[in-house]
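Reproduced below: protein.cif, with mmCIF, C-alpha atoms.
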data_my_file
loop_
_atom_site.label_atom_id
_atom_site.label_comp_id
_atom_site.auth_asym_id
_atom_site.auth_seq_id
_atom_site.Cartn_x
_atom_site.Cartn_y
_atom_site.Cartn_z
CA MET A 1 0.00 0.00 0.00
CA ASN A 2 1.45 3.37 -0.89
CA ASN A 3 1.82 6.22 1.53
CA LYS A 4 -1.26 8.07 0.29
CA SER A 5 -3.64 5.19 0.78
CA LYS A 6 -1.99 4.40 4.11
CA ASN A 7 -2.81 7.92 5.30
CA PHE A 8 -6.26 7.70 3.74
CA PHE A 9 -7.20 4.50 5.56
CA LYS A 10 -5.65 5.73 8.80
CA GLY A 11 -7.97 8.75 8.54
CA ILE A 12 -10.98 6.47 8.08
CA LYS A 13 -9.88 4.32 11.01
CA ASP A 14 -9.22 7.28 13.32
CA THR A 15 -12.58 8.94 12.67
CA SER A 16 -14.58 5.71 12.94
CA PRO A 17 -15.25 5.76 16.71
CA LEU A 18 -16.49 9.33 16.26
CA MET A 19 -19.04 8.19 13.69
CA ILE A 20 -21.25 6.41 16.21
CA PRO A 21 -22.84 9.63 17.50
CA VAL A 22 -22.99 11.00 13.94
CA ILE A 23 -25.44 8.23 13.06
CA PRO A 24 -28.29 9.41 15.34
CA PHE A 25 -27.39 13.03 14.55
CA GLY A 26 -27.83 12.46 10.80
CA ILE A 27 -31.05 10.56 11.35
CA ILE A 28 -32.37 13.33 13.60
CA PHE A 29 -31.52 15.86 10.92
CA GLY A 30 -33.42 13.88 8.28
CA VAL A 31 -36.43 13.47 10.53
CA LEU A 32 -36.52 17.16 11.48
CA ALA A 33 -36.16 18.36 7.90
CA ILE A 34 -39.09 16.28 6.67
CA ASP A 35 -41.04 17.25 9.76
CA LEU A 36 -40.56 20.92 8.89
CA GLY A 37 -41.86 20.41 5.40
CA LEU A 38 -38.68 20.22 3.33
CA THR A 39 -38.77 17.77 0.46
CA PRO A 40 -36.50 14.69 0.49
CA PHE A 41 -34.62 16.21 -2.44
CA THR A 42 -33.95 19.51 -0.62
CA THR A 43 -32.94 17.61 2.51
CA ILE A 44 -30.38 15.49 0.68
CA ALA A 45 -29.17 18.56 -1.25
CA MET A 46 -28.59 20.28 2.07
CA SER A 47 -26.47 17.43 3.42
CA ILE A 48 -24.38 17.44 0.24
CA ILE A 49 -24.09 21.20 -0.29
CA ILE A 50 -23.63 22.37 3.31
CA PHE A 51 -22.22 19.14 4.79
CA GLY A 52 -22.09 20.38 8.36
CA GLY A 53 -24.27 19.02 11.15
CA ALA A 54 -24.37 22.11 13.33
CA SER A 55 -25.06 24.45 10.40
CA GLN A 56 -27.84 22.26 9.08
CA ILE A 57 -29.57 21.89 12.44
CA ILE A 58 -29.38 25.63 13.05
CA PHE A 59 -30.69 26.24 9.56
CA LEU A 60 -33.70 24.07 10.39
CA GLN A 61 -34.21 25.66 13.79
CA LEU A 62 -34.29 29.18 12.37
CA PHE A 63 -36.18 28.13 9.27
CA SER A 64 -38.95 26.61 11.40
CA ALA A 65 -39.05 29.76 13.52
CA GLY A 66 -39.65 31.77 10.36
CA ALA A 67 -36.37 33.67 10.51
CA SER A 68 -35.39 35.81 7.52
CA SER A 69 -32.81 34.61 5.00
CA LEU A 70 -30.35 37.15 6.36
CA VAL A 71 -30.62 35.84 9.93
CA ILE A 72 -30.23 32.27 8.70
CA LEU A 73 -27.18 33.15 6.60
CA SER A 74 -25.45 35.11 9.35
CA SER A 75 -26.20 32.45 11.97
CA VAL A 76 -24.82 29.71 9.76
CA GLY A 77 -21.77 31.93 9.21
CA ALA A 78 -21.32 32.50 12.95
CA VAL A 79 -21.62 28.82 13.81
CA ASN A 80 -19.18 28.02 11.05
CA SER A 81 -16.66 30.63 12.07
CA ARG A 82 -14.96 27.94 14.16
CA HIS A 83 -13.75 26.49 10.84
CA LEU A 84 -11.64 29.62 10.40
CA LEU A 85 -9.68 28.48 13.44
CA TYR A 86 -9.51 24.88 12.22
CA GLY A 87 -8.18 26.17 8.91
CA THR A 88 -5.67 28.35 10.71
CA VAL A 89 -4.39 25.44 12.76
CA LEU A 90 -4.16 23.03 9.82
CA SER A 91 -2.94 25.51 7.19
CA GLU A 92 0.57 25.09 8.49
CA HIS A 93 0.52 21.50 7.27
CA LEU A 94 -1.46 22.14 4.09
CA SER A 95 0.16 25.27 2.69
CA ASP A 96 2.22 23.37 0.11
CA LEU A 97 -0.82 21.86 -1.60
CA ASN A 98 -2.07 23.19 -4.92
CA LEU A 99 -5.39 25.02 -5.16
CA THR A 100 -7.43 22.01 -6.29
CA TRP A 101 -6.36 19.92 -3.33
CA LYS A 102 -6.91 22.85 -0.97
CA ILE A 103 -10.49 23.10 -2.25
CA ILE A 104 -11.08 19.36 -1.86
CA VAL A 105 -9.53 19.26 1.60
CA SER A 106 -11.59 22.29 2.69
CA TYR A 107 -14.86 20.66 1.73
CA PHE A 108 -14.05 17.76 4.08
CA LEU A 109 -12.91 19.91 7.01
CA VAL A 110 -15.53 18.88 9.58
CA ASP A 111 -15.11 18.79 13.37
CA GLN A 112 -14.35 15.09 13.68
CA ALA A 113 -11.89 15.04 10.80
CA PHE A 114 -10.19 18.16 12.12
CA ALA A 115 -9.76 16.69 15.59
CA VAL A 116 -8.09 13.46 14.48
CA SER A 117 -6.09 14.92 11.59
CA ASN A 118 -4.75 17.77 13.71
CA HIS A 119 -3.35 15.12 16.02
CA HIS A 120 -2.06 13.04 13.12
CA PHE A 121 -0.36 16.02 11.39
CA LYS A 122 1.47 16.98 14.55
CA LYS A 123 2.77 13.44 14.97
CA ASN A 124 3.74 13.07 11.31
CA LYS A 125 5.29 16.38 10.43
CA GLY A 126 7.07 16.32 7.10
CA ASP A 127 4.97 13.53 5.62
CA LYS A 128 3.99 15.09 2.29
CA ASP A 129 0.98 12.83 1.86
CA ASN A 130 -0.56 13.38 5.25
CA TYR A 131 -3.42 15.45 3.81
CA PHE A 132 -4.88 12.13 2.66
CA HIS A 133 -5.53 11.45 6.33
CA LEU A 134 -7.93 14.41 6.38
CA ILE A 135 -9.56 13.32 3.12
CA GLY A 136 -10.04 9.77 4.44
CA GLY A 137 -11.51 11.02 7.71
CA GLY A 138 -13.67 13.61 5.95
CA LEU A 139 -14.94 11.14 3.38
CA ASN A 140 -15.84 8.74 6.19
CA CYS A 141 -17.90 11.48 7.85
CA TRP A 142 -19.41 12.43 4.50
CA THR A 143 -20.54 8.90 3.68
CA ILE A 144 -22.06 8.31 7.11
CA TRP A 145 -23.74 11.73 6.99
CA GLN A 146 -25.40 11.13 3.60
CA ILE A 147 -26.54 7.60 4.47
CA THR A 148 -27.99 8.63 7.83
CA THR A 149 -29.71 11.65 6.29
CA ILE A 150 -31.49 9.30 3.89
CA ILE A 151 -32.32 6.87 6.71
CA GLY A 152 -33.72 9.81 8.68
CA ILE A 153 -35.88 10.85 5.74
CA TYR A 154 -37.46 7.45 5.25
CA LEU A 155 -37.28 5.57 8.52
CA GLY A 156 -36.68 8.20 11.14
CA SER A 157 -40.17 8.50 12.50
CA ILE A 158 -39.83 5.16 14.30
CA ILE A 159 -37.08 6.48 16.59
CA PRO A 160 -38.67 7.68 19.83
CA GLU A 161 -37.86 11.24 20.80
CA GLN A 162 -37.62 10.26 24.48
CA LEU A 163 -34.26 8.58 23.84
CA GLY A 164 -32.75 12.04 23.90
CA LEU A 165 -30.26 11.21 21.17
CA THR A 166 -29.41 14.87 20.71
CA PHE A 167 -27.35 14.46 23.88
CA ALA A 168 -24.92 12.43 21.79
CA ILE A 169 -23.79 15.67 20.14
CA PRO A 170 -22.24 17.40 23.19
CA LEU A 171 -20.92 13.99 24.28
CA THR A 172 -18.94 13.62 21.06
CA PHE A 173 -17.28 16.96 21.54
CA LEU A 174 -16.62 16.17 25.19
CA ALA A 175 -14.99 12.90 24.16
CA LEU A 176 -12.74 14.81 21.76
CA LEU A 177 -11.28 16.64 24.75
CA VAL A 178 -10.35 13.56 26.83
CA ASN A 179 -6.66 14.33 26.58
CA ASP A 180 -7.13 17.90 27.76
CA PHE A 181 -8.92 17.33 31.07
CA ARG A 182 -5.67 16.59 32.88
CA LYS A 183 -3.93 19.82 31.92
CA LEU A 184 -4.61 22.87 34.06
CA ILE A 185 -4.42 25.53 31.33
CA ASN A 186 -6.71 23.48 29.10
CA VAL A 187 -9.22 23.08 31.91
CA ILE A 188 -9.26 26.84 32.54
CA VAL A 189 -9.67 27.52 28.81
CA ILE A 190 -12.54 25.00 28.70
CA ILE A 191 -14.31 26.67 31.62
CA VAL A 192 -13.85 30.18 30.21
CA SER A 193 -15.16 29.23 26.79
CA GLY A 194 -18.02 27.13 28.16
CA SER A 195 -19.16 29.88 30.52
CA VAL A 196 -19.12 32.58 27.85
CA ALA A 197 -21.13 30.31 25.55
CA THR A 198 -23.67 29.32 28.20
CA PHE A 199 -24.32 32.81 29.51
CA GLY A 200 -23.97 34.48 26.14
CA TYR A 201 -26.33 32.06 24.39
CA GLN A 202 -29.45 34.17 24.98
CA VAL A 203 -27.76 37.57 24.89
CA ILE A 204 -25.44 37.41 21.88
CA PRO A 205 -27.31 37.73 18.57
CA PHE A 206 -26.99 35.54 15.45
CA LYS A 207 -25.50 32.57 17.37
CA ALA A 208 -22.20 34.45 17.48
CA TYR A 209 -21.70 33.05 20.98
CA VAL A 210 -19.73 30.17 19.47
CA ILE A 211 -16.94 32.29 18.07
CA LEU A 212 -17.00 34.80 20.95
CA ALA A 213 -16.58 31.96 23.44
CA ALA A 214 -13.72 30.54 21.38
CA ILE A 215 -11.99 33.93 21.23
CA ALA A 216 -12.39 34.34 25.01
CA GLY A 217 -10.91 30.86 25.52
CA LEU A 218 -7.98 31.57 23.21
CA PHE A 219 -7.36 34.88 24.93
CA ALA A 220 -7.22 33.04 28.26
CA ALA A 221 -4.76 30.56 26.72
CA PHE A 222 -2.66 33.45 25.41
CA ILE A 223 -2.43 35.07 28.86
CA LEU A 224 -1.94 31.82 30.77
CA THR A 225 0.79 30.42 28.55
CA LYS A 226 2.66 33.70 28.85
CA PHE A 227 2.36 33.65 32.62
CA VAL A 228 3.44 30.03 32.95
CA LYS A 229 6.51 30.68 30.81
CA LYS A 230 7.60 33.65 32.89
CA LYS A 231 7.42 31.54 36.02
CA LEU A 232 9.78 28.93 34.58
CA MET B 1 -35.32 33.48 -1.69
CA SER B 2 -36.20 29.89 -2.52
CA ASN B 3 -35.19 27.14 -0.10
CA LEU B 4 -32.67 25.71 -2.50
CA SER B 5 -30.91 28.99 -3.20
CA LEU B 6 -30.77 29.73 0.54
CA ILE B 7 -29.18 26.31 1.05
CA ILE B 8 -26.66 27.02 -1.70
CA TYR B 9 -25.71 30.35 -0.09
CA CYS B 10 -25.32 28.64 3.29
CA GLY B 11 -23.17 26.00 1.60
CA ILE B 12 -20.95 28.69 0.08
CA ILE B 13 -20.53 30.39 3.47
CA THR B 14 -19.73 27.08 5.14
CA PHE B 15 -17.19 26.23 2.47
CA LEU B 16 -15.55 29.67 2.66
CA THR B 17 -15.07 29.44 6.42
CA ARG B 18 -13.28 26.13 5.86
CA PHE B 19 -11.29 27.27 2.85
CA THR B 20 -10.21 30.86 3.62
CA MET B 21 -7.43 30.20 6.11
CA ILE B 22 -6.14 27.13 4.31
CA ALA B 23 -5.91 29.21 1.14
CA LEU B 24 -4.42 32.34 2.66
CA LEU B 25 -1.98 31.29 5.34
CA LYS B 26 1.56 30.14 4.64
CA LYS B 27 3.56 28.05 7.02
CA GLU B 28 6.24 30.74 7.27
CA MET B 29 3.67 32.84 9.13
CA PHE B 30 3.76 30.54 12.13
CA ASN B 31 6.16 30.89 15.00
CA GLU B 32 6.40 28.89 18.22
CA ARG B 33 4.27 31.33 20.17
CA ILE B 34 1.39 31.24 17.65
CA ARG B 35 1.62 27.45 17.49
CA GLU B 36 1.44 27.23 21.25
CA VAL B 37 -1.70 29.36 21.51
CA LEU B 38 -3.32 27.62 18.51
CA SER B 39 -2.82 24.26 20.20
CA TYR B 40 -5.60 25.38 22.53
CA VAL B 41 -8.14 25.78 19.70
CA PRO B 42 -10.00 22.50 20.43
CA SER B 43 -10.22 23.40 24.14
CA ALA B 44 -11.47 26.85 23.23
CA ILE B 45 -14.14 25.85 20.70
CA PHE B 46 -15.64 22.53 21.73
CA PRO B 47 -16.90 23.80 25.13
CA ALA B 48 -18.91 26.45 23.26
CA ILE B 49 -20.87 23.56 21.78
CA ILE B 50 -20.77 21.27 24.84
CA PHE B 51 -21.80 23.62 27.67
CA PRO B 52 -24.99 25.17 26.22
CA ALA B 53 -26.18 21.73 25.09
CA ILE B 54 -25.79 20.42 28.64
CA PHE B 55 -26.79 23.36 30.83
CA LEU B 56 -29.52 24.99 28.74
CA ASP B 57 -32.95 23.53 28.01
CA ASN B 58 -34.70 23.69 24.65
CA SER B 59 -35.80 27.28 25.16
CA GLY B 60 -32.28 28.38 26.08
CA THR B 61 -32.94 28.78 29.81
CA PHE B 62 -30.25 27.83 32.32
CA GLN B 63 -31.24 24.56 33.98
CA LEU B 64 -29.28 23.25 36.98
CA GLU B 65 -31.93 21.29 38.86
CA ASN B 66 -33.53 18.20 37.48
CA ASN B 67 -31.03 18.02 34.67
CA PRO B 68 -29.69 14.47 34.12
CA LYS B 69 -27.39 15.72 31.35
CA ILE B 70 -25.07 17.33 33.90
CA LEU B 71 -24.44 14.15 35.87
CA ALA B 72 -24.17 12.08 32.70
CA ALA B 73 -21.60 14.53 31.31
CA ILE B 74 -19.60 14.38 34.55
CA ILE B 75 -19.61 10.58 34.44
CA ALA B 76 -18.53 10.68 30.78
CA MET B 77 -15.74 13.10 31.68
CA GLY B 78 -14.58 10.84 34.53
CA ILE B 79 -14.51 7.85 32.19
CA GLY B 80 -12.64 9.96 29.66
CA ILE B 81 -10.00 11.02 32.16
CA ILE B 82 -9.42 7.45 33.35
CA SER B 83 -9.63 5.62 30.02
CA ARG B 84 -8.54 8.34 27.55
CA ASN B 85 -10.80 6.48 25.18
CA ILE B 86 -13.19 8.42 22.95
CA LEU B 87 -15.61 5.57 22.36
CA ALA B 88 -15.81 4.59 26.05
CA THR B 89 -16.50 8.23 26.94
CA ILE B 90 -19.41 8.52 24.52
CA PHE B 91 -20.77 5.08 25.42
CA PHE B 92 -20.76 5.58 29.20
CA GLY B 93 -22.11 9.13 28.81
CA LEU B 94 -25.12 7.91 26.83
CA ALA B 95 -25.61 4.81 29.00
CA SER B 96 -25.64 6.81 32.23
CA TYR B 97 -27.98 9.38 30.66
CA TRP B 98 -30.45 6.66 29.71
CA TYR B 99 -30.11 5.11 33.15
CA LEU B 100 -30.88 8.48 34.74
CA ILE B 101 -33.92 9.25 32.60
CA PHE B 102 -35.49 5.77 32.50
CA PHE B 103 -34.91 4.40 36.01
#

Is it possible to give me this structure as structure tokens?
Amino acid sequence: MNNKSKNFFKGIKDTSPLMIPVIPFGIIFGVLAIDLGLTPFTTIAMSIIIFGGASQIIFLQLFSAGASSLVILSSVGAVNSRHLLYGTVLSEHLSDLNLTWKIIVSYFLVDQAFAVSNHHFKKNKGDKDNYFHLIGGGLNCWTIWQITTIIGIYLGSIIPEQLGLTFAIPLTFLALLVNDFRKLINVIVIIVSGSVATFGYQVIPFKAYVILAAIAGLFAAFILTKFVKKKL
Amino acid sequence: MSNLSLIIYCGIITFLTRFTMIALLKKEMFNERIREVLSYVPSAIFPAIIFPAIFLDNSGTFQLENNPKILAAIIAMGIGIISRNILATIFFGLASYWYLIFF
């Protein structure tokens, strides 16, 4: 197996445990979309064109509340602004790629793929083919997302709402932080960001609480890392 | 705006947020200090999704009492710290949540 396919399959393997919560999430999305009166075609188009769980759920939420196109667009933008940071973090490893590959890689830059590939890139610096790890992981997410969207459209109504499967979403993100709970600075950053998001949720318009919380967390990291260094 | 064109615009925005930095930044722009702070990006973003989903109810109101999600999340976190295993964390989080709401 050549290096590209090795990276590709490693990406699929690394994202696989993260796909378990994506399954109910995709089904929930499909169910909600049909429930709100979107056609199966529009629902599938949404999963292919947007390809982002959080954006799509927020789209539906606002759409069902009768929000204007402008509010929907800006909210989707605000929720997605976290990708700017993902891109910033990964660009260091992807800056040598040509434009076509950058476009392909960007389409697959979802949370789960970012989390595992960020880790993989740091461990395998200098491997020219490591972007295939992100493509493998992203394609894994993509496939699961499309299949579960379709399942949600056609079979979803049999899944009882009482199961509270939406709870799987925060759990996934929590699980992605398992390595950070032991480090003091990370824990402080987590608390800062989480508090800003929780208390800003109602107050900050257009769902911009996501990026504001992230900026607050990064600012805390900036200060804390400076302070810790001076002490040494 | 028709539904489909709204979806296409949202897709373009989503893509641009993913693409912009990858397209614009060069690796020469990074120094150790920037790398260090950027290593905290997951810790800075994921809680913004985790916390509201746990502490707020469907209407966005803060809910501390009678909220099984908090205990389930704490159990998941404990499992995560001990096992460092993503799948175990998700599994025990969901299992304890179901235990709390059904029994």

- [ ] Would you mind telling me which residue in A:Tyr131, A:Gly37, A:Leu171, A:Pro205 lies nearest to Ser95 (chain A) when using only C-alpha atoms?
- [x]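 Nearest to Ser95 (chain A): A:Tyr131.
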
Open item on the list: Could you work out which residues of chain B fall inside 7 Å of chain A? Count only C-alpha atoms, and format the result as a PyMOL selection string.
Closed with: chain B and resi 4+6-8+10-11+13-15+17-19+21-23+25-27+37-38+40-41+43-53+60+80-81+84+86-87+89-90+93-94

Task: Two-atom distance - CA of Trp142 (chain A), CA of Leu16 (chain B) (Å) - done: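 These atoms are spaced 17.8 Å apart.
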
Open item on the list: Given all atoms listed in the file as the basis, pick out the residue of A:Ile28, A:Val71, A:Ile23, A:Ile204 nearest to Ile153 (chain A).
Closed with: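 Looking only at the distances to Ile153 (chain A), the closest residue turns out to be A:Ile28.
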
Task: Pairwise distance for CA of Ile44 (chain A) and CA of Thr149 (chain A), rounded to one decimal in Å - done: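 Taking CA of Ile44 (chain A) as the start and CA of Thr149 (chain A) as the end point, the length is 6.8 Å.
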
Task: Separation of CA of Ile57 (chain A) from CA of His133 (chain A) in Å - done: 26.9 Å

Can you give me N, CA and C atoms for region 164-193 of chain A, written as a tab-separated table (two decimals), keeping the file's coordinate frame?
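result-v7.tsv was written with the following content:
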chain	number	residue	atom	x	y	z
A	164	GLY	N	-33.63	10.90	23.68
A	164	GLY	CA	-32.75	12.04	23.90
A	164	GLY	C	-31.42	11.92	23.16
A	165	LEU	N	-31.50	11.45	21.91
A	165	LEU	CA	-30.26	11.21	21.17
A	165	LEU	C	-29.49	12.48	20.85
A	166	THR	N	-30.15	13.62	20.95
A	166	THR	CA	-29.41	14.87	20.71
A	166	THR	C	-28.28	15.05	21.72
A	167	PHE	N	-28.41	14.39	22.86
A	167	PHE	CA	-27.35	14.46	23.88
A	167	PHE	C	-26.03	13.86	23.38
A	168	ALA	N	-26.13	13.01	22.36
A	168	ALA	CA	-24.92	12.43	21.79
A	168	ALA	C	-24.01	13.49	21.17
A	169	ILE	N	-24.59	14.62	20.79
A	169	ILE	CA	-23.79	15.67	20.14
A	169	ILE	C	-22.78	16.30	21.11
A	170	PRO	N	-23.25	16.87	22.25
A	170	PRO	CA	-22.24	17.40	23.19
A	170	PRO	C	-21.29	16.32	23.70
A	171	LEU	N	-21.79	15.08	23.82
A	171	LEU	CA	-20.92	13.99	24.28
A	171	LEU	C	-19.74	13.74	23.34
A	172	THR	N	-20.02	13.82	22.03
A	172	THR	CA	-18.94	13.62	21.06
A	172	THR	C	-17.85	14.65	21.26
A	173	PHE	N	-18.28	15.91	21.41
A	173	PHE	CA	-17.28	16.96	21.54
A	173	PHE	C	-16.54	16.83	22.86
A	174	LEU	N	-17.26	16.40	23.89
A	174	LEU	CA	-16.62	16.17	25.19
A	174	LEU	C	-15.56	15.07	25.06
A	175	ALA	N	-15.92	14.02	24.33
A	175	ALA	CA	-14.99	12.90	24.16
A	175	ALA	C	-13.73	13.34	23.40
A	176	LEU	N	-13.89	14.34	22.53
A	176	LEU	CA	-12.74	14.81	21.76
A	176	LEU	C	-11.74	15.55	22.65
A	177	LEU	N	-12.16	15.89	23.85
A	177	LEU	CA	-11.28	16.64	24.75
A	177	LEU	C	-10.65	15.76	25.82
A	178	VAL	N	-10.82	14.42	25.73
A	178	VAL	CA	-10.35	13.56	26.83
A	178	VAL	C	-8.90	13.79	27.22
A	179	ASN	N	-8.08	14.14	26.24
A	179	ASN	CA	-6.66	14.33	26.58
A	179	ASN	C	-6.37	15.67	27.24
A	180	ASP	N	-7.36	16.55	27.25
A	180	ASP	CA	-7.13	17.90	27.76
A	180	ASP	C	-7.59	18.09	29.20
A	181	PHE	N	-8.36	17.14	29.73
A	181	PHE	CA	-8.92	17.33	31.07
A	181	PHE	C	-7.86	17.26	32.17
A	182	ARG	N	-6.70	16.72	31.84
A	182	ARG	CA	-5.67	16.59	32.88
A	182	ARG	C	-4.76	17.80	32.95
A	183	LYS	N	-4.87	18.68	31.95
A	183	LYS	CA	-3.93	19.82	31.92
A	183	LYS	C	-4.62	21.08	32.42
A	184	LEU	N	-3.97	21.74	33.37
A	184	LEU	CA	-4.61	22.87	34.06
A	184	LEU	C	-5.01	23.99	33.10
A	185	ILE	N	-4.09	24.41	32.23
A	185	ILE	CA	-4.42	25.53	31.33
A	185	ILE	C	-5.61	25.16	30.44
A	186	ASN	N	-5.60	23.92	29.94
A	186	ASN	CA	-6.71	23.48	29.10
A	186	ASN	C	-8.03	23.54	29.86
A	187	VAL	N	-7.99	23.09	31.12
A	187	VAL	CA	-9.22	23.08	31.91
A	187	VAL	C	-9.74	24.51	32.10
A	188	ILE	N	-8.83	25.45	32.38
A	188	ILE	CA	-9.26	26.84	32.54
A	188	ILE	C	-9.85	27.37	31.23
A	189	VAL	N	-9.17	27.07	30.12
A	189	VAL	CA	-9.67	27.52	28.81
A	189	VAL	C	-11.06	26.93	28.55
A	190	ILE	N	-11.25	25.66	28.89
A	190	ILE	CA	-12.54	25.00	28.70
A	190	ILE	C	-13.63	25.70	29.51
A	191	ILE	N	-13.30	26.03	30.76
A	191	ILE	CA	-14.31	26.67	31.62
A	191	ILE	C	-14.64	28.08	31.13
A	192	VAL	N	-13.61	28.82	30.72
A	192	VAL	CA	-13.85	30.18	30.21
A	192	VAL	C	-14.76	30.14	28.99
A	193	SER	N	-14.39	29.31	28.02
A	193	SER	CA	-15.16	29.23	26.79
A	193	SER	C	-16.59	28.74	27.05
